[in-house]
Structures are given as C-alpha cells and as structure tokens.
Amino acid sequence: MRSPIRAFSLGLFAAGLIILISSLFFNTSEKRAEEYPVDDMINIMKDEGYRVMSESEYIALSLQKDDEQQKANEDTEKTDKDDKQDQAKDDQTTDSKDNSKKETDKKEDNTKDKTSEHEKTDKKDDKKDDKDKVVTYTLKIESGMPSSTIGDLLEENKVIKDGSKFNKYLEDEGYSLKIQLGNFKVNSDMTFNEIAKLLTK
C-alpha cells in the first residue's frame with residue numbers, strides 16, 4: 001500500500017519541479033516589470049486609462065484638497081453663525097412685537113370688559129330665558145320607518161342636540177327593535193332613556 005502512494009507523491013514532486021524550471025528559464029513571452037524603463041511604464045499606464053503622477057505632485061494635490069476642505073468648513077461655520085445671529089434678531093423683534101401686541105390687547109380687553117359688562121348681564125338673562133324654554137314636539141312613527149330617522153327628526157325639531165348619538169343609544173340599549181307605531185309627545189327636558197321608554201311602550 002505504501003509503494004503506490006510513494007510513487008504518486010514522487011510523480012507530483014517531479015511534475016512540480018518541471019513546471020517551476022520551465023517557467024523560470026523558458027518563459028520569454030512575458031516581460032517582467034523591471035525590464036521596462038520608467039517612461040515606457042508611464043505610457044503603458046496612460047494607455048490603460050490610469051493617471052500617473054510623481055510623489056511631489058501627489059503631495060501638492062492632497063494639500064490643495066485639504067485647503068479647499070478647510071475653506072468650505074470655514075464658510076459653513078460662518079453661514080451657520082450668521083444664520084444664528086439673524087435668528088436671534090428675528091426672535092428679539094418678534095418678542096418685542098408680541099409684547100406690544102399683548103399690551104394693546106390688554107388695553108382693548110379692559111375697554112371691552114367695561115363696555116360689555118352690560119351685554120353679559122343681558123346675555124345671561126337671554127340664556128336663562130332659552131333654558132326655560134322647553135321644546136315640545138309630537139313625533140309620528142309610521143310603518144316602515146327606520147329607527148335611524150327618529151334621532152334625525154328629534155334633532156331637526158330641537159328636542160335633542162345630536163340625533164346620531166340618540167340613534168346609537170337606541171341600538172346599544174336594544175330599543176330600536178321595540179319601537180311602537182303612533183304619535184308620541186316628547187320635549188327637550190326628557191333624557192334619552194325617557195324618550196326611548198316612551199317610544200317602546
């Protein structure tokens with residue numbers, strides 16, 4: 001078993017040596033980089049699309065880029081500083097305008113308060129009168145009338161403020177299926193529950 005493995009390994013070693021010797025001594029088709037003069041190498045690189053520069057040119061270019069970057073940073077810092085100053089000035093002017101506006105508003109409020117005291121008392125009297133007014137309405141429920149129109153009718157006739165809330169109440173509490181046909185007297189003092197119970201008797 002050992003002899004075939006040894007023969008195989010010796011064959012691989014011999015093949016490797018032959019390839020190495022042939023590539024070192026007999027490969028004349030490719031020239032090495034050391035065999036080209038510098039000018040020819042530069043021309044070859046330019047033909048390939050590359051740019052070639054000396055170390056001093058590279059240093060000068062990088063310094064120029066650094067200077068440009070520094071100028072750009074200084075410009076942005078300057079504009080930021082100017083923007084902040086402008087913003088501070090704008091804030092000061094708006095504050096002074098707000099203060100003067102507040103003072104004029106206070107003066108106007110004082111004069112309005114004095115002149116409108118009589119109006120407020122009149123309005124309070126009117127509100128009391130409005131609250132004392134009870135709206136009465138005769139609701140007529142006919143066959144085939146959907147329960148959702150009941151709230152709309154009551155809202156239109158100012159018995160309740162929100163017809164959709166009343167319709168939702170009827171649905172949630174189960175009254176919408178128990179509504180009876182006929183004429184029902186309702187008024188604005190009644191609660192949703194009282195109206196619903198009246199309609200389902």
# chains A, B, ... in the order shown; residues from 1 in each chain; ligands from 1

call {"tool": "residues_around", "arguments": {"residues": "range 181-189 of chain A", "least_positions_apart": "6", "cutoff": "6 Å", "atoms": "only C-alpha atoms", "output": "PyMOL selection string"}}
result
chain A and resi 134-142+159

call {"tool": "write_last_selection", "arguments": {"atoms": "C-alpha atoms", "output": "tab-separated table (two decimals), in the first residue's frame"}}
result
chain	number	residue	atom	x	y	z
A	134	VAL	CA	-88.87	73.73	26.63
A	135	VAL	CA	-89.35	72.50	23.10
A	136	THR	CA	-92.27	70.12	22.69
A	137	TYR	CA	-92.73	68.01	19.60
A	138	THR	CA	-95.17	65.34	18.53
A	139	LEU	CA	-93.23	62.52	16.92
A	140	LYS	CA	-95.22	60.45	14.44
A	141	ILE	CA	-93.84	56.95	13.85
A	142	GLU	CA	-95.28	55.19	10.82
A	159	VAL	CA	-85.70	68.23	21.07

call {"tool": "atom_distance", "arguments": {"atom1": "CA of Pro37 in chain A", "atom2": "CA of Glu57 in chain A"}}
result
20.5 Å

call {"tool": "closest_residue", "arguments": {"among": "A:Val38, A:Ile160, A:Met53, A:Ile150", "to": "Gln180 in chain A", "atoms": "only C-alpha atoms"}}
result
A:Ile150

call {"tool": "residues_around", "arguments": {"residues": "Ser147 in chain A", "least_positions_apart": "2", "cutoff": "10 Å", "atoms": "only C-alpha atoms", "output": "PyMOL selection string"}}
result
chain A and resi 141+144-145+149-152+167+170-171+175-179

call {"tool": "write_last_selection", "arguments": {"atoms": "C-alpha atoms", "output": "compact mmCIF listing (two decimals), in the first residue's frame"}}
result
# COMPACT_ATOMS: atom_id res chain seq x y z
CA ILE A 141 -93.84 56.95 13.85
CA GLY A 144 -91.71 51.00 7.61
CA MET A 145 -89.97 53.99 9.21
CA THR A 149 -84.66 58.62 11.25
CA ILE A 150 -86.13 59.12 14.73
CA GLY A 151 -82.97 60.77 16.05
CA ASP A 152 -82.72 62.92 12.94
CA ASN A 167 -79.77 56.52 17.34
CA LEU A 170 -81.36 53.07 20.76
CA GLU A 171 -79.16 50.45 19.07
CA TYR A 175 -84.75 49.83 21.96
CA SER A 176 -84.52 50.09 18.15
CA LEU A 177 -86.38 46.76 17.67
CA LYS A 178 -89.15 47.58 20.21
CA ILE A 179 -90.32 50.95 18.86
